[in-house]
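Written below as structure tokens is the structure these notes are about.
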Amino acid sequence: MTVPFADLQLQYQTIKSEIDGAIAAVIRHNAFIRGPYVDAFEREFAAAVDVKHCVSCANGTDALYLAIATLKVQPGDEVITTAHSWISTSAMITHAGATVVFCDTDGATFTIDPAAIEAAITPRTVGIIPVHLYGQAADMDAIMAIARRHGLWVVEDCAQAHLARYKGQQVGTFGEAATYSFYPGKNLGAMGDAGAVVTNDDALAEHMTMLARHGGLVKHQHHIEGINSRLDGLQAAILSAKLPHLPQWTKARQDAAKVYDVGLNHIEDVMIPSVASNRTHVYHLYTIGHPRRDALAAHLNSNGVQTAINYPTVLPFLPAYSRFGHRSEQFPNASSDQKRILSLPMFAEITADQQRTVMDLIRTF
Ligand SMILES: *Cc1c(COP(=O)(O)O)cnc(C)c1O
């Protein structure tokens, strides 16, 4: 048996008529850019994640740019983020005009360590971007307390954490704004690129909307120099068709994670993902730790099981950040995690047989 890392085709087959109907309707109405399907998805997604405004855009990377740029960073301003994320998080800090400051993770949840944030604050710090990595909420009480104490803004990167909660409250509702990606493989995925920024702040929402739409809200009235970052009608209609299924898909991921937890927990050398109390994990990725990670990955891959490493090099050590001259001692947890992490097949439709195959191979290894 082969086990894919994810299976987008299978998900499509389960809701084919809904997706096909949505696409046909957009074509029939010529509603390709903006229009009723985009407006509807923005309303529906805002309601689903408990926020007032959803500003859709072209992808999750643009969403980060729109949020950070709207918070008006100046050259020399420092924005703190985690060492362990996808590069969009840190790259958009730079592109918005600020300086990236990396912090280590907490050693248990793969999310940013609040103590490391506190230690990284300088008089030039203006904001914090926690990432709810793999689908588990970062420690938002501690992060918000630090932000309040030092007068900093917070933008949550929720690209991997649709519907995750911290103490019962949805991620994306703690900071000034939060960003989402609807890349096809994300927990809520389009059939192409798509993203959104959410906020409860009317003024921020208006500025982000202008910034994403050539600097204005009305055609030919350009109040600022914006960019062109749009969610298109086809993607919006596809996302609206999928959104009602998201709670059930999330539950299926959580059930599959439980199966892995029980089956892998007692295997020597396997470190299963740990979920902190009062947080939910929506398992965008199910990532284990193993001291012989590369050999384990080769064993799984040669037996038909696809795996991934998220990510092989943590951010401070990428060539893109060689200018900082970071050393591994500055990020002990992220440094050791990058050598042992391995993401196993995880998707809502994964079967018990597929999971048994994965677990048996790990056991025999
Ligand atoms: C996917 C992802 C992004 C970027 O989203 P795109 O839609 O691919 O641009 C940003 N941050 C994190 C943590 C991600 O996983």
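Quick note on naming: the chains in the structure tokens go A, B, ... in the order shown, residues restart at 1 in each chain, and ligands are numbered from 1 in order of appearance.
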
* To do: Please write out the residues within 10 Å of ligand 1 as a PyMOL selection string, counting only C-alpha atoms and all ligand atoms.
  => chain A and resi 57-64+84-92+130-135+156-161+179-186+189-190+192-196+284-285+310

For region 238-247 of chain A, please output as a PDB file with all heavy atoms, in the first residue's frame all residues within 8 Å (counting only C-alpha atoms; exclusion window: fewer than 5 positions along the same chain).
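Ended up saving to around24.pdb:
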```pdb
ATOM      1  N   GLU A  18     -20.669  20.040  -5.352  1.00  0.00           N
ATOM      2  CA  GLU A  18     -20.674  21.390  -4.767  1.00  0.00           C
ATOM      3  C   GLU A  18     -19.604  22.269  -5.413  1.00  0.00           C
ATOM      4  O   GLU A  18     -19.835  23.442  -5.725  1.00  0.00           O
ATOM      5  CB  GLU A  18     -20.419  21.328  -3.251  1.00  0.00           C
ATOM      6  CG  GLU A  18     -21.550  20.657  -2.479  1.00  0.00           C
ATOM      7  CD  GLU A  18     -21.098  20.146  -1.120  1.00  0.00           C
ATOM      8  OE1 GLU A  18     -20.689  20.971  -0.280  1.00  0.00           O
ATOM      9  OE2 GLU A  18     -21.129  18.924  -0.898  1.00  0.00           O
ATOM     10  N   ILE A  19     -18.416  21.700  -5.606  1.00  0.00           N
ATOM     11  CA  ILE A  19     -17.309  22.476  -6.196  1.00  0.00           C
ATOM     12  C   ILE A  19     -17.625  22.792  -7.663  1.00  0.00           C
ATOM     13  O   ILE A  19     -17.503  23.940  -8.103  1.00  0.00           O
ATOM     14  CB  ILE A  19     -15.982  21.680  -6.115  1.00  0.00           C
ATOM     15  CG1 ILE A  19     -15.595  21.421  -4.652  1.00  0.00           C
ATOM     16  CG2 ILE A  19     -14.865  22.403  -6.870  1.00  0.00           C
ATOM     17  CD1 ILE A  19     -15.065  22.602  -3.917  1.00  0.00           C
ATOM     18  N   ALA A  22     -20.193  25.467  -7.909  1.00  0.00           N
ATOM     19  CA  ALA A  22     -19.673  26.794  -7.540  1.00  0.00           C
ATOM     20  C   ALA A  22     -18.878  27.393  -8.696  1.00  0.00           C
ATOM     21  O   ALA A  22     -19.038  28.571  -9.032  1.00  0.00           O
ATOM     22  CB  ALA A  22     -18.795  26.675  -6.286  1.00  0.00           C
ATOM     23  N   ILE A  23     -18.034  26.575  -9.318  1.00  0.00           N
ATOM     24  CA  ILE A  23     -17.217  27.070 -10.436  1.00  0.00           C
ATOM     25  C   ILE A  23     -18.114  27.485 -11.606  1.00  0.00           C
ATOM     26  O   ILE A  23     -17.939  28.561 -12.185  1.00  0.00           O
ATOM     27  CB  ILE A  23     -16.205  25.989 -10.877  1.00  0.00           C
ATOM     28  CG1 ILE A  23     -15.159  25.780  -9.772  1.00  0.00           C
ATOM     29  CG2 ILE A  23     -15.527  26.364 -12.194  1.00  0.00           C
ATOM     30  CD1 ILE A  23     -14.242  24.595  -9.985  1.00  0.00           C
ATOM     31  N   ALA A  40     -19.177  37.323  -0.390  1.00  0.00           N
ATOM     32  CA  ALA A  40     -19.817  36.277   0.421  1.00  0.00           C
ATOM     33  C   ALA A  40     -18.776  35.504   1.219  1.00  0.00           C
ATOM     34  O   ALA A  40     -18.946  35.269   2.423  1.00  0.00           O
ATOM     35  CB  ALA A  40     -20.618  35.329  -0.475  1.00  0.00           C
ATOM     36  N   PHE A  41     -17.675  35.132   0.567  1.00  0.00           N
ATOM     37  CA  PHE A  41     -16.668  34.366   1.314  1.00  0.00           C
ATOM     38  C   PHE A  41     -16.076  35.207   2.442  1.00  0.00           C
ATOM     39  O   PHE A  41     -15.853  34.692   3.544  1.00  0.00           O
ATOM     40  CB  PHE A  41     -15.553  33.838   0.410  1.00  0.00           C
ATOM     41  CG  PHE A  41     -14.479  33.151   1.217  1.00  0.00           C
ATOM     42  CD1 PHE A  41     -14.747  31.939   1.852  1.00  0.00           C
ATOM     43  CD2 PHE A  41     -13.238  33.739   1.411  1.00  0.00           C
ATOM     44  CE1 PHE A  41     -13.788  31.321   2.654  1.00  0.00           C
ATOM     45  CE2 PHE A  41     -12.273  33.129   2.201  1.00  0.00           C
ATOM     46  CZ  PHE A  41     -12.548  31.918   2.816  1.00  0.00           C
ATOM     47  N   GLU A  44     -18.521  35.061   5.256  1.00  0.00           N
ATOM     48  CA  GLU A  44     -18.623  33.723   5.848  1.00  0.00           C
ATOM     49  C   GLU A  44     -17.370  33.370   6.651  1.00  0.00           C
ATOM     50  O   GLU A  44     -17.461  32.786   7.728  1.00  0.00           O
ATOM     51  CB  GLU A  44     -18.826  32.676   4.734  1.00  0.00           C
ATOM     52  CG  GLU A  44     -20.173  32.793   4.041  1.00  0.00           C
ATOM     53  CD  GLU A  44     -20.184  32.142   2.650  1.00  0.00           C
ATOM     54  OE1 GLU A  44     -19.212  31.441   2.295  1.00  0.00           O
ATOM     55  OE2 GLU A  44     -21.174  32.367   1.930  1.00  0.00           O
ATOM     56  N   PHE A  45     -16.202  33.740   6.116  1.00  0.00           N
ATOM     57  CA  PHE A  45     -14.977  33.377   6.823  1.00  0.00           C
ATOM     58  C   PHE A  45     -14.836  34.193   8.114  1.00  0.00           C
ATOM     59  O   PHE A  45     -14.448  33.655   9.150  1.00  0.00           O
ATOM     60  CB  PHE A  45     -13.741  33.545   5.933  1.00  0.00           C
ATOM     61  CG  PHE A  45     -12.512  32.937   6.560  1.00  0.00           C
ATOM     62  CD1 PHE A  45     -12.396  31.552   6.679  1.00  0.00           C
ATOM     63  CD2 PHE A  45     -11.490  33.734   7.060  1.00  0.00           C
ATOM     64  CE1 PHE A  45     -11.281  30.978   7.287  1.00  0.00           C
ATOM     65  CE2 PHE A  45     -10.373  33.167   7.663  1.00  0.00           C
ATOM     66  CZ  PHE A  45     -10.262  31.782   7.774  1.00  0.00           C
ATOM     67  N   LEU A 163      -9.366  27.480  12.670  1.00  0.00           N
ATOM     68  CA  LEU A 163     -10.265  26.974  13.715  1.00  0.00           C
ATOM     69  C   LEU A 163      -9.573  26.473  14.985  1.00  0.00           C
ATOM     70  O   LEU A 163     -10.228  25.937  15.884  1.00  0.00           O
ATOM     71  CB  LEU A 163     -11.211  25.863  13.200  1.00  0.00           C
ATOM     72  CG  LEU A 163     -12.101  26.180  11.986  1.00  0.00           C
ATOM     73  CD1 LEU A 163     -13.123  25.047  11.781  1.00  0.00           C
ATOM     74  CD2 LEU A 163     -12.830  27.508  12.123  1.00  0.00           C
ATOM     75  N   ASN A 187      -5.442  23.576   5.737  1.00  0.00           N
ATOM     76  CA  ASN A 187      -6.642  22.894   6.243  1.00  0.00           C
ATOM     77  C   ASN A 187      -7.903  23.357   5.510  1.00  0.00           C
ATOM     78  O   ASN A 187      -8.821  22.561   5.292  1.00  0.00           O
ATOM     79  CB  ASN A 187      -6.796  23.114   7.744  1.00  0.00           C
ATOM     80  CG  ASN A 187      -5.794  22.285   8.537  1.00  0.00           C
ATOM     81  OD1 ASN A 187      -4.763  21.887   7.996  1.00  0.00           O
ATOM     82  ND2 ASN A 187      -6.102  22.008   9.788  1.00  0.00           N
ATOM     83  N   LEU A 188      -7.960  24.644   5.154  1.00  0.00           N
ATOM     84  CA  LEU A 188      -8.973  25.129   4.211  1.00  0.00           C
ATOM     85  C   LEU A 188      -8.203  25.607   2.990  1.00  0.00           C
ATOM     86  O   LEU A 188      -7.492  26.610   3.066  1.00  0.00           O
ATOM     87  CB  LEU A 188      -9.793  26.279   4.823  1.00  0.00           C
ATOM     88  CG  LEU A 188     -10.836  26.902   3.885  1.00  0.00           C
ATOM     89  CD1 LEU A 188     -11.904  25.880   3.479  1.00  0.00           C
ATOM     90  CD2 LEU A 188     -11.490  28.128   4.523  1.00  0.00           C
ATOM     91  N   GLY A 189      -8.338  24.885   1.894  1.00  0.00           N
ATOM     92  CA  GLY A 189      -7.505  25.179   0.732  1.00  0.00           C
ATOM     93  C   GLY A 189      -8.319  25.487  -0.505  1.00  0.00           C
ATOM     94  O   GLY A 189      -9.343  24.858  -0.779  1.00  0.00           O
ATOM     95  N   ALA A 190      -7.856  26.463  -1.279  1.00  0.00           N
ATOM     96  CA  ALA A 190      -8.484  26.796  -2.558  1.00  0.00           C
ATOM     97  C   ALA A 190      -7.941  25.855  -3.636  1.00  0.00           C
ATOM     98  O   ALA A 190      -7.250  24.884  -3.336  1.00  0.00           O
ATOM     99  CB  ALA A 190      -8.185  28.254  -2.898  1.00  0.00           C
ATOM    100  N   MET A 191      -8.271  26.134  -4.886  1.00  0.00           N
ATOM    101  CA  MET A 191      -7.696  25.364  -5.998  1.00  0.00           C
ATOM    102  C   MET A 191      -6.741  26.272  -6.758  1.00  0.00           C
ATOM    103  O   MET A 191      -6.814  26.427  -7.979  1.00  0.00           O
ATOM    104  CB  MET A 191      -8.808  24.806  -6.881  1.00  0.00           C
ATOM    105  CG  MET A 191      -9.587  23.723  -6.143  1.00  0.00           C
ATOM    106  SD  MET A 191     -10.929  23.055  -7.119  1.00  0.00           S
ATOM    107  CE  MET A 191     -11.121  21.449  -6.330  1.00  0.00           C
TER     108      MET A 191
END
```

If you take only C-alpha atoms and a cut-off of 9 Å, which residues of region 142-235 of chain A touch region 31-37 of chain A, and what are their nearest atom pairs and distances in Å to one decimal, in chain and number order, as a Markdown table?
```
| residue | atom | partner | partner_atom | distance |
| --- | --- | --- | --- | --- |
| A:Arg230 | CA | A:Ile33 | CA | 7.5 |
| A:Leu231 | CA | A:Arg34 | CA | 7.4 |
| A:Asp232 | CA | A:Ile33 | CA | 5.0 |
| A:Gly233 | CA | A:Phe32 | CA | 4.5 |
| A:Leu234 | CA | A:Phe32 | CA | 6.3 |
| A:Gln235 | CA | A:Tyr37 | CA | 8.8 |
```

* **Distance criterion (only C-alpha atoms): nearest to Lys258 (chain A) out of A:Thr125, A:His222, A:Lys72, A:His281** =>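 Answer, going by the shortest atom-to-atom distance: A:His281.
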
* To do: Have a look at CA of Gly107 (chain A) and CA of Asn333 (chain A) and let me know their distance in Å, one decimal.
  =>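 These atoms are spaced 5.2 Å apart.
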
* Asked: Can you tell me, as an MDAnalysis selection string, what residues are no more than 10 Å from Gln169 (chain A) when counting only C-alpha atoms, ignoring any on the same chain fewer than 3 positions away?
  -> chainID A and resid 49:50 163:166 172:174 278:280

For those residues, write N, CA, C and O atoms to a file as an mmCIF file, in the first residue's frame.
```cif
data_model
loop_
_atom_site.group_PDB
_atom_site.id
_atom_site.type_symbol
_atom_site.label_atom_id
_atom_site.label_comp_id
_atom_site.auth_asym_id
_atom_site.auth_seq_id
_atom_site.Cartn_x
_atom_site.Cartn_y
_atom_site.Cartn_z
ATOM 1 N N VAL A 49 -14.468 32.459 11.911
ATOM 2 C CA VAL A 49 -13.336 32.604 12.828
ATOM 3 C C VAL A 49 -13.567 33.706 13.876
ATOM 4 O O VAL A 49 -12.623 34.163 14.534
ATOM 5 N N ASP A 50 -14.832 34.117 14.033
ATOM 6 C CA ASP A 50 -15.219 35.034 15.114
ATOM 7 C C ASP A 50 -14.567 36.413 15.038
ATOM 8 O O ASP A 50 -14.150 36.950 16.070
ATOM 9 N N LEU A 163 -9.366 27.480 12.670
ATOM 10 C CA LEU A 163 -10.265 26.974 13.715
ATOM 11 C C LEU A 163 -9.573 26.473 14.985
ATOM 12 O O LEU A 163 -10.228 25.937 15.884
ATOM 13 N N ALA A 164 -8.247 26.647 15.097
ATOM 14 C CA ALA A 164 -7.583 26.259 16.346
ATOM 15 C C ALA A 164 -7.981 27.241 17.452
ATOM 16 O O ALA A 164 -8.349 28.387 17.181
ATOM 17 N N ARG A 165 -7.925 26.757 18.695
ATOM 18 C CA ARG A 165 -8.339 27.607 19.816
ATOM 19 C C ARG A 165 -7.281 27.634 20.921
ATOM 20 O O ARG A 165 -6.509 26.694 21.085
ATOM 21 N N TYR A 166 -7.312 28.742 21.683
ATOM 22 C CA TYR A 166 -6.474 28.886 22.868
ATOM 23 C C TYR A 166 -7.408 29.261 24.000
ATOM 24 O O TYR A 166 -8.099 30.280 23.925
ATOM 25 N N GLY A 172 -6.350 34.068 16.014
ATOM 26 C CA GLY A 172 -6.678 35.121 15.052
ATOM 27 C C GLY A 172 -7.511 36.228 15.662
ATOM 28 O O GLY A 172 -7.781 37.233 15.007
ATOM 29 N N THR A 173 -7.931 36.057 16.922
ATOM 30 C CA THR A 173 -8.762 37.069 17.580
ATOM 31 C C THR A 173 -8.027 37.741 18.736
ATOM 32 O O THR A 173 -8.608 38.537 19.466
ATOM 33 N N PHE A 174 -6.755 37.394 18.934
ATOM 34 C CA PHE A 174 -6.014 37.948 20.082
ATOM 35 C C PHE A 174 -5.311 39.256 19.731
ATOM 36 O O PHE A 174 -5.351 40.208 20.494
ATOM 37 N N ASN A 278 -5.093 23.550 27.571
ATOM 38 C CA ASN A 278 -5.901 24.718 27.168
ATOM 39 C C ASN A 278 -5.697 25.147 25.722
ATOM 40 O O ASN A 278 -6.111 26.227 25.341
ATOM 41 N N ARG A 279 -5.032 24.331 24.925
ATOM 42 C CA ARG A 279 -4.893 24.697 23.515
ATOM 43 C C ARG A 279 -5.468 23.558 22.673
ATOM 44 O O ARG A 279 -5.395 22.401 23.080
ATOM 45 N N THR A 280 -5.990 23.895 21.513
ATOM 46 C CA THR A 280 -6.359 22.834 20.583
ATOM 47 C C THR A 280 -5.366 22.835 19.426
ATOM 48 O O THR A 280 -4.728 23.843 19.131
#
```
